[in-house]
$ cat start-v1.cif   # mmCIF, C-alpha atoms
data_run
#
loop_
_atom_site.label_atom_id
_atom_site.label_comp_id
_atom_site.auth_asym_id
_atom_site.auth_seq_id
_atom_site.Cartn_x
_atom_site.Cartn_y
_atom_site.Cartn_z
CA MET A 9 9.90 -32.26 18.78
CA SER A 10 8.00 -29.84 16.51
CA ALA A 11 7.94 -26.19 17.47
CA PHE A 12 5.06 -23.79 18.11
CA VAL A 13 6.01 -20.43 16.57
CA ARG A 14 4.30 -17.07 16.82
CA ILE A 15 5.18 -13.39 16.52
CA SER A 16 4.10 -10.83 19.11
CA GLY A 17 4.32 -7.08 18.58
CA PRO A 18 5.13 -4.27 21.02
CA PRO A 19 2.71 -3.98 23.99
CA ASN A 20 -0.53 -2.19 23.00
CA GLY A 21 0.91 -1.47 19.57
CA ASN A 22 1.11 -2.64 16.01
CA PHE A 23 4.01 -4.52 14.37
CA LEU A 24 4.46 -1.64 11.95
CA ILE A 25 6.11 1.44 13.47
CA GLY A 26 6.53 4.62 11.47
CA TYR A 27 4.89 5.51 8.16
CA PRO A 28 6.05 3.72 4.96
CA GLY A 29 6.80 6.25 2.24
CA ILE A 30 7.95 8.91 4.74
CA SER A 31 11.65 8.36 5.35
CA ALA A 32 11.83 10.70 8.38
CA THR A 33 9.68 8.24 10.38
CA MET A 34 12.09 5.36 9.64
CA PRO A 35 9.33 2.76 8.96
CA ARG A 36 10.09 -0.61 10.52
CA ILE A 37 8.49 -3.79 11.87
CA GLU A 38 9.27 -4.55 15.51
CA GLY A 39 8.36 -7.56 17.60
CA LYS A 40 9.70 -10.83 18.88
CA VAL A 41 9.59 -14.40 17.63
CA GLU A 42 8.37 -16.80 20.32
CA ILE A 43 9.21 -20.50 20.05
CA ARG A 44 7.68 -23.07 22.41
CA PRO A 45 7.08 -26.86 22.37
CA SER A 46 4.01 -27.62 20.28
CA ALA A 47 3.14 -30.95 21.91
CA GLY A 48 3.88 -32.45 25.29
CA ILE A 49 4.20 -28.91 26.72
CA THR A 50 7.53 -29.53 28.46
CA ALA A 51 9.40 -31.63 25.88
CA PRO A 52 12.39 -29.53 24.70
CA VAL A 53 12.54 -28.32 21.09
CA ASN A 54 15.63 -28.86 18.93
CA VAL A 55 16.56 -25.59 17.20
CA SER A 56 19.49 -25.08 14.83
CA LEU A 57 18.65 -21.85 13.01
CA VAL A 58 16.00 -19.11 13.15
CA THR A 59 15.63 -16.30 10.58
CA ILE A 60 12.91 -13.77 9.76
CA SER A 61 12.17 -11.83 6.57
CA LEU A 62 9.44 -9.68 5.06
CA MET A 63 8.08 -11.11 1.80
CA ARG A 64 5.95 -9.31 -0.79
CA LYS A 65 3.64 -11.33 -3.01
CA GLU A 66 2.01 -9.84 -6.11
CA THR A 67 -0.48 -11.45 -8.46
CA ILE A 68 -2.32 -10.19 -11.54
CA HIS A 69 -5.11 -11.72 -13.62
CA PRO A 70 -6.46 -8.94 -15.87
CA GLN A 71 -9.33 -11.06 -17.22
CA ALA A 72 -10.58 -12.25 -13.81
CA ASP A 73 -13.48 -9.75 -13.89
CA SER A 74 -14.67 -10.93 -17.33
CA VAL A 75 -16.96 -13.95 -17.45
CA THR A 76 -16.27 -14.67 -21.13
CA LYS A 77 -12.50 -14.17 -21.21
CA LYS A 78 -11.71 -15.69 -17.82
CA ARG A 79 -11.48 -19.30 -19.05
CA LEU A 80 -9.49 -18.47 -22.19
CA ALA A 81 -7.06 -16.03 -20.53
CA PRO A 82 -3.54 -17.03 -19.43
CA PRO A 83 -3.28 -18.17 -15.79
CA ARG A 84 -2.72 -15.80 -12.88
CA LYS A 85 0.77 -14.32 -12.92
CA GLU A 86 2.59 -14.26 -9.61
CA VAL A 87 5.85 -12.85 -8.24
CA THR A 88 7.34 -13.10 -4.72
CA ASP A 89 10.16 -10.85 -3.51
CA ILE A 90 11.99 -10.25 -0.27
CA VAL A 91 11.65 -6.71 1.11
CA GLY A 92 14.89 -5.37 2.54
CA LYS A 93 17.09 -8.09 4.06
CA GLU A 94 16.60 -11.39 5.85
CA MET A 95 17.58 -11.21 9.52
CA LEU A 96 19.41 -14.01 11.38
CA LEU A 97 17.91 -14.35 14.87
CA PHE A 98 19.59 -17.50 16.21
CA ARG A 99 22.22 -20.03 15.17
CA CYS A 100 23.43 -22.87 17.40
CA PRO A 101 27.16 -22.91 18.30
CA ALA A 102 29.64 -24.33 15.77
CA GLY A 103 30.12 -28.05 15.96
CA ARG A 104 26.65 -28.70 17.37
CA GLU A 105 23.76 -29.97 15.30
CA HIS A 106 21.05 -28.28 17.37
CA GLU A 107 20.29 -26.69 20.71
CA GLU A 108 17.69 -28.07 23.11
CA VAL A 109 15.32 -25.29 24.11
CA ILE A 110 12.37 -25.04 26.49
CA SER A 111 11.38 -21.54 25.38
CA MET A 112 12.87 -18.91 23.11
CA ASP A 113 12.03 -15.19 22.68
CA LEU A 114 14.00 -13.50 19.88
CA PRO A 115 13.46 -9.72 19.46
CA PHE A 116 13.80 -8.34 15.94
CA VAL A 117 13.43 -5.15 13.90
CA LEU A 118 13.02 -5.24 10.11
CA PHE A 119 13.64 -1.88 8.44
CA ILE A 120 11.40 -1.16 5.45
CA PRO A 121 13.29 0.55 2.58
CA PHE A 122 12.95 4.33 2.78
CA GLY A 123 13.48 4.92 -0.95
CA ARG A 124 16.57 7.10 -0.52
CA GLY A 125 18.85 6.95 -3.54
CA GLY A 126 19.53 4.18 -6.03
CA ARG A 127 17.25 2.48 -8.52
CA ASP A 128 17.96 -0.93 -7.05
CA SER A 129 14.68 -2.68 -6.21
CA SER A 130 15.86 -3.34 -2.64
CA ARG A 131 15.99 0.45 -2.08
CA ARG A 132 12.48 1.17 -3.44
CA VAL A 133 9.65 1.92 -1.05
CA PRO A 134 7.36 -1.15 -1.22
CA PRO A 135 3.86 -0.59 -2.68
CA ALA A 136 0.85 -0.66 -0.35
CA SER A 137 -1.24 -3.78 0.26
CA LEU A 138 -4.13 -3.84 -2.19
CA GLN A 139 -6.78 -6.19 -3.53
CA LEU A 140 -8.86 -5.05 -6.50
CA PRO A 141 -12.33 -6.49 -7.19
CA SER A 142 -12.25 -10.06 -8.60
CA ARG A 143 -8.57 -10.13 -7.54
CA THR A 144 -7.46 -8.71 -10.90
CA ALA A 145 -4.45 -7.28 -9.03
CA GLU A 146 -3.23 -8.02 -5.53
CA THR A 147 -0.29 -7.13 -3.28
CA THR A 148 0.17 -8.80 0.13
CA TYR A 149 2.96 -8.95 2.71
CA GLU A 150 4.02 -11.68 5.13
CA MET A 151 6.60 -11.94 7.86
CA VAL A 152 8.15 -15.36 7.28
CA VAL A 153 9.94 -17.09 10.18
CA THR A 154 12.24 -19.93 9.07
CA VAL A 155 13.11 -22.52 11.74
CA GLN A 156 15.56 -25.35 11.15
CA GLN A 157 15.49 -28.23 13.63
CA GLY A 158 18.62 -30.37 13.28
CA GLN A 159 18.81 -32.46 10.11
CA THR A 160 15.11 -32.11 9.36
CA GLU A 161 14.03 -29.73 6.62
CA GLN A 162 13.44 -26.06 7.29
CA LYS A 163 9.92 -25.07 8.22
CA LYS A 164 8.48 -21.68 7.28
CA TYR A 165 5.82 -19.93 9.36
CA PRO A 166 4.06 -17.03 7.55
CA PHE A 167 2.34 -14.17 9.41
CA PRO A 168 0.36 -11.65 7.29
CA VAL A 169 1.03 -7.95 7.88
CA PRO A 170 -0.88 -5.12 6.15
CA MET A 171 1.21 -2.37 4.56
CA ALA A 172 -0.02 1.16 3.78
CA ARG A 173 1.73 4.10 2.09
CA TYR A 174 1.55 7.66 3.37
CA ASP A 175 3.42 9.69 0.74
CA THR A 176 0.22 10.57 -1.18
CA LEU A 177 -1.65 12.32 1.68
CA SER A 178 -3.60 15.27 0.31
CA THR A 179 -2.46 17.46 3.24
CA PHE A 180 1.16 17.58 2.04
CA GLY A 181 2.19 20.96 0.65
CA MET A 182 3.46 19.61 -2.67
CA TYR A 183 -0.11 18.54 -3.60
CA ASN A 184 -1.63 21.90 -2.66
CA ARG A 185 0.20 23.94 -5.30
CA PRO A 186 -1.92 24.76 -8.39
CA GLU A 187 -1.35 22.61 -11.48
CA SER A 188 -2.28 23.94 -14.92
CA ALA A 189 -2.40 22.73 -18.54
CA GLU A 190 -3.66 24.00 -21.90
CA ARG A 191 -4.47 22.72 -25.41
CA VAL A 192 -5.30 24.45 -28.71
CA SER A 193 -7.93 23.36 -31.28
CA ASP A 194 -7.59 24.28 -34.99
CA HIS A 195 -5.48 27.33 -34.02
CA LEU A 196 -8.79 28.97 -33.08
CA VAL A 197 -9.54 28.14 -29.43
CA THR A 198 -7.32 27.52 -26.41
CA LEU A 199 -8.58 25.41 -23.49
CA ALA A 200 -6.74 26.10 -20.21
CA ILE A 201 -7.41 24.37 -16.87
CA SER A 202 -6.09 24.95 -13.36
CA LEU A 203 -6.37 22.63 -10.35
CA PRO A 204 -5.99 24.30 -6.91
CA ARG A 205 -4.77 20.95 -5.51
CA TRP A 206 -4.17 17.58 -7.11
CA SER A 207 -4.36 14.83 -4.46
CA TYR A 208 -7.80 13.50 -3.57
CA GLY A 209 -9.37 10.79 -1.45
CA PRO A 210 -12.86 9.24 -1.21
CA LEU A 211 -15.68 11.86 -1.15
CA ASP A 212 -13.21 14.77 -1.47
CA PRO A 213 -14.47 17.71 -3.58
CA VAL A 214 -12.62 18.10 -6.90
CA SER A 215 -12.58 21.66 -8.27
CA VAL A 216 -11.18 22.82 -11.62
CA TYR A 217 -11.01 26.26 -13.24
CA VAL A 218 -11.70 26.14 -17.00
CA LYS A 219 -10.99 28.94 -19.49
CA LEU A 220 -11.71 28.96 -23.23
CA SER A 221 -9.92 31.76 -25.12
CA PRO A 222 -10.19 32.71 -28.82
CA ASN A 223 -7.09 33.23 -30.97
CA GLN A 224 -6.92 37.04 -31.36
CA ASP A 225 -5.20 36.68 -34.77
CA TRP A 226 -8.11 34.60 -36.15
CA MET A 227 -11.02 36.45 -34.57
CA GLY A 228 -13.13 36.26 -37.75
CA LYS A 229 -13.28 32.46 -37.53
CA ALA A 230 -13.08 32.23 -33.73
CA ARG A 231 -16.23 34.37 -33.41
CA LYS A 232 -18.24 31.63 -35.15
CA VAL A 233 -17.29 28.98 -32.57
CA THR A 234 -20.06 27.93 -30.17
CA ILE A 235 -19.37 26.23 -26.81
CA SER A 236 -22.05 23.56 -26.61
CA LYS A 237 -20.99 21.86 -23.35
CA ILE A 238 -18.02 21.07 -21.08
CA THR A 239 -17.52 17.60 -19.59
CA ILE A 240 -15.26 16.74 -16.66
CA GLY A 241 -14.58 13.23 -15.40
CA ILE A 242 -12.12 11.08 -13.45
CA ASP A 243 -10.54 8.07 -15.18
CA GLU A 244 -8.79 5.13 -13.53
CA GLU A 245 -6.12 3.51 -15.71
CA ILE A 246 -4.65 0.15 -14.65
CA ILE A 247 -1.60 -1.03 -16.58
CA TYR A 248 -0.98 -4.73 -16.05
CA ASN A 249 2.54 -6.07 -16.59
CA HIS A 250 3.74 -2.48 -17.14
CA GLU A 251 7.43 -3.50 -17.14
CA GLY A 252 6.88 -6.50 -19.46
CA ASP A 253 6.75 -6.99 -23.22
CA GLU A 254 2.98 -6.72 -23.64
CA PRO A 255 1.48 -4.27 -21.14
CA GLN A 256 -2.32 -4.34 -20.91
CA ARG A 257 -4.23 -1.11 -20.26
CA LYS A 258 -7.70 -0.93 -18.80
CA VAL A 259 -9.33 2.50 -18.51
CA LYS A 260 -12.52 3.02 -16.51
CA THR A 261 -14.41 6.28 -15.98
CA LEU A 262 -15.21 6.52 -12.26
CA THR A 263 -17.41 9.62 -12.42
CA LYS A 264 -18.48 12.17 -15.03
CA LYS A 265 -20.30 15.50 -15.07
CA THR A 266 -21.54 17.55 -18.03
CA GLU A 267 -22.42 21.24 -18.00
CA SER A 268 -24.46 22.55 -20.92
CA ILE A 269 -23.44 26.04 -22.05
CA GLY A 270 -24.67 26.74 -25.63
CA ILE A 271 -23.21 30.21 -26.14
CA ARG A 272 -20.91 31.79 -28.73
CA LEU A 273 -17.29 32.12 -27.64
CA PRO A 274 -16.99 35.69 -26.24
CA HIS A 275 -14.23 38.02 -27.45
CA SER A 276 -12.73 38.06 -23.95
CA GLY A 277 -13.00 34.28 -23.54
CA TYR A 278 -15.21 32.08 -21.35
CA LEU A 279 -14.29 31.30 -17.72
CA THR A 280 -16.05 28.84 -15.40
CA ASN A 281 -15.40 26.77 -12.29
CA LEU A 282 -16.54 23.13 -12.39
CA GLY A 283 -16.56 20.61 -9.59
CA LEU A 284 -17.52 17.08 -8.66
CA VAL A 285 -17.11 14.72 -5.71
CA PHE A 286 -14.50 11.97 -5.91
CA PRO A 287 -16.41 8.67 -5.77
CA ALA A 288 -16.13 6.28 -2.82
CA LYS A 289 -16.99 2.60 -2.79
CA ASP A 290 -19.31 1.47 -0.03
CA PRO A 291 -17.79 -1.67 1.51
CA ARG A 292 -21.13 -2.73 3.01
CA ASP A 293 -23.13 -5.49 1.38
CA SER A 294 -26.82 -5.29 0.36
CA ASP A 295 -27.85 -5.87 4.00
CA GLY A 296 -25.66 -3.01 5.23
CA ILE A 297 -23.15 -5.32 6.89
CA LEU A 298 -19.39 -4.74 6.78
CA PRO A 299 -17.55 -7.89 5.71
CA ARG A 300 -14.89 -9.29 8.03
CA SER A 301 -11.59 -7.59 7.21
CA LYS A 302 -8.70 -9.76 6.07
CA PRO A 303 -5.50 -9.65 8.16
CA GLN A 304 -3.29 -8.94 5.13
CA PHE A 305 -5.22 -5.82 4.01
CA PRO A 306 -5.43 -2.58 6.03
CA MET A 307 -8.90 -1.55 4.81
CA TYR A 308 -12.29 -3.09 4.19
CA ALA A 309 -12.83 -1.40 0.83
CA VAL A 310 -11.21 -2.72 -2.32
CA SER A 311 -11.12 0.65 -4.07
CA GLY A 312 -7.88 1.50 -5.86
CA PHE A 313 -5.44 4.35 -5.34
CA THR A 314 -2.31 5.66 -7.06
CA THR A 315 0.35 2.96 -6.78
CA THR A 316 3.17 1.32 -8.72
CA ALA A 317 4.01 -2.35 -8.11
CA SER A 318 6.16 -4.80 -10.07
CA LEU A 319 3.29 -6.33 -12.06
CA TYR A 320 0.81 -3.46 -12.26
CA LYS A 321 0.44 0.29 -12.02
CA ILE A 322 -2.68 2.33 -11.18
CA GLU A 323 -2.92 5.93 -12.39
CA TYR A 324 -5.70 8.52 -12.30
CA TYR A 325 -6.54 11.37 -14.67
CA LEU A 326 -8.88 14.33 -14.52
CA THR A 327 -10.33 14.67 -18.04
CA VAL A 328 -11.79 18.00 -19.21
CA ARG A 329 -13.43 18.11 -22.65
CA ALA A 330 -14.85 21.19 -24.36
CA HIS A 331 -17.47 20.27 -27.01
CA LEU A 332 -17.41 22.96 -29.72
CA THR A 333 -19.16 23.66 -33.01
CA SER A 334 -17.19 25.16 -35.95
CA ALA A 335 -14.01 23.83 -34.31
CA ARG A 336 -12.75 20.47 -33.13
CA ASP A 337 -13.44 19.40 -29.55
CA ILE A 338 -10.53 19.91 -27.12
CA THR A 339 -9.58 17.35 -24.44
CA ILE A 340 -7.08 17.72 -21.58
CA ARG A 341 -6.12 14.64 -19.55
CA GLN A 342 -4.38 15.86 -16.40
CA PRO A 343 -2.69 13.32 -14.05
CA ILE A 344 -3.87 13.47 -10.42
CA VAL A 345 -2.91 11.54 -7.28
CA VAL A 346 -5.48 9.44 -5.43
CA CYS A 347 -4.99 8.70 -1.73
CA PRO A 348 -6.80 5.90 0.19
CA LEU A 349 -7.77 8.43 2.92
CA ASP A 350 -10.06 11.42 2.58
CA HIS A 351 -8.83 14.95 3.40
CA ALA A 352 -10.12 14.81 7.00
CA GLY A 353 -8.38 11.46 7.55
CA CYS A 354 -5.14 12.87 6.13
CA LYS A 355 -5.32 15.83 8.55
CA GLU A 356 -5.73 13.46 11.50
CA GLU A 357 -2.59 11.54 10.50
CA MET A 358 -0.33 14.61 10.26
CA GLU A 359 0.23 15.06 14.00
CA ALA A 360 1.01 11.36 14.45
CA ILE A 361 3.46 11.47 11.53
CA GLU A 362 5.30 14.42 13.11
CA GLN A 363 5.51 12.54 16.43
CA ALA A 364 6.77 9.40 14.66
CA ALA A 365 9.47 11.46 12.96
CA ARG A 366 10.58 12.87 16.34
CA ASP A 367 10.71 9.33 17.79
CA ALA A 368 12.64 8.01 14.78
CA ALA A 369 15.39 10.62 15.28
CA HIS A 370 16.72 8.46 18.15
CA VAL A 371 16.77 5.21 16.13
CA ASN A 372 20.06 4.06 14.60
CA PRO A 373 19.35 1.68 11.68
CA ASP A 374 22.85 0.17 11.99
CA ASN A 375 22.38 -0.56 15.70
CA PRO A 376 18.69 -0.44 16.71
CA MET A 377 19.47 -1.39 20.37
CA LEU A 378 17.26 -4.49 20.55
CA PRO A 379 16.56 -6.25 23.86
CA LEU A 380 18.65 -9.39 24.43
CA PRO A 381 17.18 -12.75 23.31
CA SER A 382 15.65 -14.85 26.10
CA ILE A 383 16.54 -18.55 25.71
CA VAL A 384 15.60 -21.10 28.38
CA ARG A 385 17.29 -24.52 28.21
CA PRO A 386 16.20 -27.69 30.06
CA SER A 387 19.25 -27.46 32.34
CA ASP A 388 18.39 -23.92 33.53
CA PRO A 389 17.03 -23.56 37.08
CA ASN A 390 13.24 -23.12 37.18
CA ALA A 391 13.13 -23.82 33.43
CA LEU A 392 9.61 -25.30 33.64
CA SER A 393 8.24 -22.17 35.30
CA HIS A 394 8.65 -20.33 31.97
CA LEU A 395 6.03 -22.70 30.55
CA GLY A 396 3.74 -22.33 33.58
CA CYS A 397 4.63 -25.75 35.03
CA ALA A 398 6.26 -27.10 38.20
CA ILE A 399 7.29 -30.55 39.42
CA VAL A 400 5.27 -31.56 42.47
CA GLY A 401 6.50 -34.91 43.76
CA ASN A 402 7.23 -36.67 40.50
CA GLN A 403 4.43 -35.07 38.55
CA LYS A 404 4.33 -31.95 36.36
CA LYS A 405 1.50 -29.68 37.38
CA PRO A 406 0.32 -26.18 36.34
CA LEU A 407 2.18 -23.47 38.23
CA ILE A 408 -0.08 -21.11 40.18
CA ASP A 409 1.62 -17.94 41.35
#
$ encode --input "start-v1.cif" --output "structure tokens"
Amino acid sequence: MSAFVRISGPPNGNFLIGYPGISATMPRIEGKVEIRPSAGITAPVNVSLVTISLMRKETIHPQADSVTKKRLAPPRKEVTDIVGKEMLLFRCPAGREHEEVISMDLPFVLFIPFGRGGRDSSRRVPPASLQLPSRTAETTYEMVVTVQQGQTEQKKYPFPVPMARYDTLSTFGMYNRPESAERVSDHLVTLAISLPRWSYGPLDPVSVYVKLSPNQDWMGKARKVTISKITIGIDEEIIYNHEGDEPQRKVKTLTKKTESIGIRLPHSGYLTNLGLVFPAKDPRDSDGILPRSKPQFPMYAVSGFTTTASLYKIEYYLTVRAHLTSARDITIRQPIVVCPLDHAGCKEEMEAIEQAARDAAHVNPDNPMLPLPSIVRPSDPNALSHLGCAIVGNQKKPLID
């Protein structure tokens, strides 16, 4: 008899507990695998083996967004990996081919790698679920339940689960320390920039301090330099197949702002503060309707964020360019971190993250204290009542409490 399989999470909660990317919250997936007869309602199911694992699937097709290159490009590249370890939930006793079961509830907890120590891929924190426009790059996760029924082949039952990462939140202190960089042009002019913070989300304000200083040893020539304009912009760089032989880079400017200046470089230097708003993609269509969200992705929008997967890597840069006359232009490309949540959203998560860390302090990953499995066999008393049935006379009828 074929089996009906489903996974149910904790009451009034999500499968995913904790915050992936933050080891103190001990991120994990909790729930139970439920196995019932799929046909005939009360006919017992033969079960030999039940396992569960978390699988990550990545695909890239860099030319998918190009109409001309799409047909000539190589096919979509795909890789599937197991995250963490596969968990054995049930195995029938030795010497028996299968166990006859009326109903089966098997609690489980799958720990998501915290990223502590070791370069081994099984220790790395898994990248967040993501789907870029035209599916040029995609990462999805599935809980896969494997059920073996006697001599018949194993059947796999996939259940999508969205995965997010929380180690890039702009409210963390490490992103709120100023970052600075400088470049020199023709030994005459020095461009220096300073970022008060360097993690941003959709619609967050981006502020940068810019200073142009003349070389005091070459003041005769430096005095002739004119600052015509300063441009700041945010670039998204996607590197496909970044660990392979032929990585492909695609750079796109998300937003750009130019400030005209047109003055001679002062003896004391030129100081200004420039700003722009980090762009956000509107997930609504032309009629203002939100599309139905997909179960394997945590957000409607398909905008990118800073992430590193096996087949692709997405990085962001703040580019500042000083356009000069009588000297070469100077460009600084400063790496920044982009978070899927805006600053207000990050603030809202902080209290919940602290609570999750307090809760995780009581969890032992070597012995997570799971509830006992519930297995009902045909020979058990009141076995049919677990399926909502009862025998009245010689007939099976729905059980009404």
$ resolve_selection --input "start-v1.cif" --expression "the PyMOL selection byres ((chain A and resi 116) around 12)" --output "PDB file with C-alpha atoms, in the frame of the given file"
ATOM      1  CA  ILE A  15       5.180 -13.390  16.520  1.00  0.00           C
ATOM      2  CA  SER A  16       4.100 -10.830  19.110  1.00  0.00           C
ATOM      3  CA  GLY A  17       4.320  -7.080  18.580  1.00  0.00           C
ATOM      4  CA  PRO A  18       5.130  -4.270  21.020  1.00  0.00           C
ATOM      5  CA  PHE A  23       4.010  -4.520  14.370  1.00  0.00           C
ATOM      6  CA  ARG A  36      10.090  -0.610  10.520  1.00  0.00           C
ATOM      7  CA  ILE A  37       8.490  -3.790  11.870  1.00  0.00           C
ATOM      8  CA  GLU A  38       9.270  -4.550  15.510  1.00  0.00           C
ATOM      9  CA  GLY A  39       8.360  -7.560  17.600  1.00  0.00           C
ATOM     10  CA  LYS A  40       9.700 -10.830  18.880  1.00  0.00           C
ATOM     11  CA  VAL A  41       9.590 -14.400  17.630  1.00  0.00           C
ATOM     12  CA  GLU A  42       8.370 -16.800  20.320  1.00  0.00           C
ATOM     13  CA  VAL A  58      16.000 -19.110  13.150  1.00  0.00           C
ATOM     14  CA  THR A  59      15.630 -16.300  10.580  1.00  0.00           C
ATOM     15  CA  ILE A  60      12.910 -13.770   9.760  1.00  0.00           C
ATOM     16  CA  SER A  61      12.170 -11.830   6.570  1.00  0.00           C
ATOM     17  CA  LEU A  62       9.440  -9.680   5.060  1.00  0.00           C
ATOM     18  CA  GLU A  94      16.600 -11.390   5.850  1.00  0.00           C
ATOM     19  CA  MET A  95      17.580 -11.210   9.520  1.00  0.00           C
ATOM     20  CA  LEU A  96      19.410 -14.010  11.380  1.00  0.00           C
ATOM     21  CA  LEU A  97      17.910 -14.350  14.870  1.00  0.00           C
ATOM     22  CA  PHE A  98      19.590 -17.500  16.210  1.00  0.00           C
ATOM     23  CA  ASP A 113      12.030 -15.190  22.680  1.00  0.00           C
ATOM     24  CA  LEU A 114      14.000 -13.500  19.880  1.00  0.00           C
ATOM     25  CA  PRO A 115      13.460  -9.720  19.460  1.00  0.00           C
ATOM     26  CA  VAL A 117      13.430  -5.150  13.900  1.00  0.00           C
ATOM     27  CA  LEU A 118      13.020  -5.240  10.110  1.00  0.00           C
ATOM     28  CA  PHE A 119      13.640  -1.880   8.440  1.00  0.00           C
ATOM     29  CA  MET A 151       6.600 -11.940   7.860  1.00  0.00           C
ATOM     30  CA  VAL A 153       9.940 -17.090  10.180  1.00  0.00           C
ATOM     31  CA  ASN A 375      22.380  -0.560  15.700  1.00  0.00           C
ATOM     32  CA  PRO A 376      18.690  -0.440  16.710  1.00  0.00           C
ATOM     33  CA  MET A 377      19.470  -1.390  20.370  1.00  0.00           C
ATOM     34  CA  LEU A 378      17.260  -4.490  20.550  1.00  0.00           C
ATOM     35  CA  PRO A 379      16.560  -6.250  23.860  1.00  0.00           C
ATOM     36  CA  LEU A 380      18.650  -9.390  24.430  1.00  0.00           C
ATOM     37  CA  PRO A 381      17.180 -12.750  23.310  1.00  0.00           C
TER      38      PRO A 381
END
$ closest_atom_pairs --input "start-v1.cif" --of "region 94-152 of chain A" --to "region 313-317 of chain A" --cutoff "12 Å" --atoms "only C-alpha atoms" --output "CSV"
residue,atom,partner,partner_atom,distance
A:Ser129,CA,A:Ala317,CA,10.8
A:Arg132,CA,A:Ala317,CA,10.3
A:Val133,CA,A:Ala317,CA,10.0
A:Pro134,CA,A:Ala317,CA,7.8
A:Pro135,CA,A:Ala317,CA,5.7
A:Ala136,CA,A:Thr315,CA,7.4
A:Ser137,CA,A:Thr315,CA,9.9
A:Leu138,CA,A:Phe313,CA,8.9
A:Gln139,CA,A:Phe313,CA,10.8
A:Leu140,CA,A:Phe313,CA,10.1
A:Ala145,CA,A:Ala317,CA,9.8
A:Glu146,CA,A:Ala317,CA,9.6
A:Thr147,CA,A:Ala317,CA,8.0
A:Thr148,CA,A:Ala317,CA,11.1
$ atom_distance --input "start-v1.cif" --atom1 "CA of Pro121 (chain A)" --atom2 "CA of Thr67 (chain A)"
21.3 Å
$ resolve_selection --input "start-v1.cif" --expression "the PyMOL selection byres ((chain A and resi 340) around 10)" --output "list of chain:residue names"
A:Ala189, A:Glu190, A:Arg191, A:Val192, A:Leu199, A:Ala200, A:Ile201, A:Ile240, A:Tyr325, A:Leu326, A:Thr327, A:Val328, A:Arg329, A:Ala330, A:Ile338, A:Thr339, A:Arg341, A:Gln342, A:Pro343
$ write_last_selection --input "start-v1.cif" --atoms "C-alpha atoms" --output "compact mmCIF listing (two decimals), in the coordinates of the input"
# COMPACT_ATOMS: atom_id res chain seq x y z
CA ALA A 189 -2.40 22.73 -18.54
CA GLU A 190 -3.66 24.00 -21.90
CA ARG A 191 -4.47 22.72 -25.41
CA VAL A 192 -5.30 24.45 -28.71
CA LEU A 199 -8.58 25.41 -23.49
CA ALA A 200 -6.74 26.10 -20.21
CA ILE A 201 -7.41 24.37 -16.87
CA ILE A 240 -15.26 16.74 -16.66
CA TYR A 325 -6.54 11.37 -14.67
CA LEU A 326 -8.88 14.33 -14.52
CA THR A 327 -10.33 14.67 -18.04
CA VAL A 328 -11.79 18.00 -19.21
CA ARG A 329 -13.43 18.11 -22.65
CA ALA A 330 -14.85 21.19 -24.36
CA ILE A 338 -10.53 19.91 -27.12
CA THR A 339 -9.58 17.35 -24.44
CA ARG A 341 -6.12 14.64 -19.55
CA GLN A 342 -4.38 15.86 -16.40
CA PRO A 343 -2.69 13.32 -14.05
$ closest_residue --input "start-v1.cif" --among "A:Lys355, A:Ser207, A:Ser387, A:Asp194" --to "Met182 (chain A)" --atoms "all atoms listed in the file"
A:Ser207
$ atom_distance --input "start-v1.cif" --atom1 "CA of Arg205 (chain A)" --atom2 "CA of Arg185 (chain A)"
5.8 Å
$ residues_around --input "start-v1.cif" --residues "Arg231 (chain A)" --least-positions-apart "2" --cutoff "8 Å" --atoms "only C-alpha atoms" --output "compact mmCIF listing (two decimals) with C-alpha atoms, in the frame of the given file"
# COMPACT_ATOMS: atom_id res chain seq x y z
CA PRO A 222 -10.19 32.71 -28.82
CA MET A 227 -11.02 36.45 -34.57
CA GLY A 228 -13.13 36.26 -37.75
CA LYS A 229 -13.28 32.46 -37.53
CA VAL A 233 -17.29 28.98 -32.57
CA ARG A 272 -20.91 31.79 -28.73
CA LEU A 273 -17.29 32.12 -27.64
CA PRO A 274 -16.99 35.69 -26.24
CA HIS A 275 -14.23 38.02 -27.45
$ resolve_selection --input "start-v1.cif" --expression "the PyMOL selection byres ((chain A and resi 268-271) around 6)" --output "list in words"
Thr234, Ile235, Ser236, Lys237, Glu267 and Arg272 of chain A
$ residues_around --input "start-v1.cif" --residues "Gln256 (chain A)" --least-positions-apart "2" --cutoff "9 Å" --atoms "all atoms listed in the file" --output "ChimeraX atom specification"
/A:70,246-250,254,258
$ residues_around --input "start-v1.cif" --residues "Ala368 (chain A)" --least-positions-apart "4" --cutoff "9 Å" --atoms "only C-alpha atoms" --output "list in words"
Gly26, Ala32, Thr33, Met34, Pro35, Gln363, Ala364 and Asn372 of chain A
$ closest_residue --input "start-v1.cif" --among "A:Leu262, A:Ile322, A:Ile238, A:Ala360" --to "Lys289 (chain A)" --atoms "all atoms listed in the file"
A:Leu262
$ atom_distance --input "start-v1.cif" --atom1 "CA of Val197 (chain A)" --atom2 "CA of Ala335 (chain A)"
7.9 Å
$ closest_residue --input "start-v1.cif" --among "A:Ser311, A:Ser334, A:Ser318, A:Asn184" --to "Asp89 (chain A)" --atoms "all atoms listed in the file"
A:Ser318
$ residues_around --input "start-v1.cif" --residues "Asp175 (chain A)" --least-positions-apart "3" --cutoff "9 Å" --atoms "all atoms listed in the file" --output "tab-separated table (two decimals) with C-alpha atoms, in the coordinates of the input"
chain	number	residue	atom	x	y	z
A	27	TYR	CA	4.89	5.51	8.16
A	28	PRO	CA	6.05	3.72	4.96
A	29	GLY	CA	6.80	6.25	2.24
A	30	ILE	CA	7.95	8.91	4.74
A	178	SER	CA	-3.60	15.27	0.31
A	180	PHE	CA	1.16	17.58	2.04
A	347	CYS	CA	-4.99	8.70	-1.73
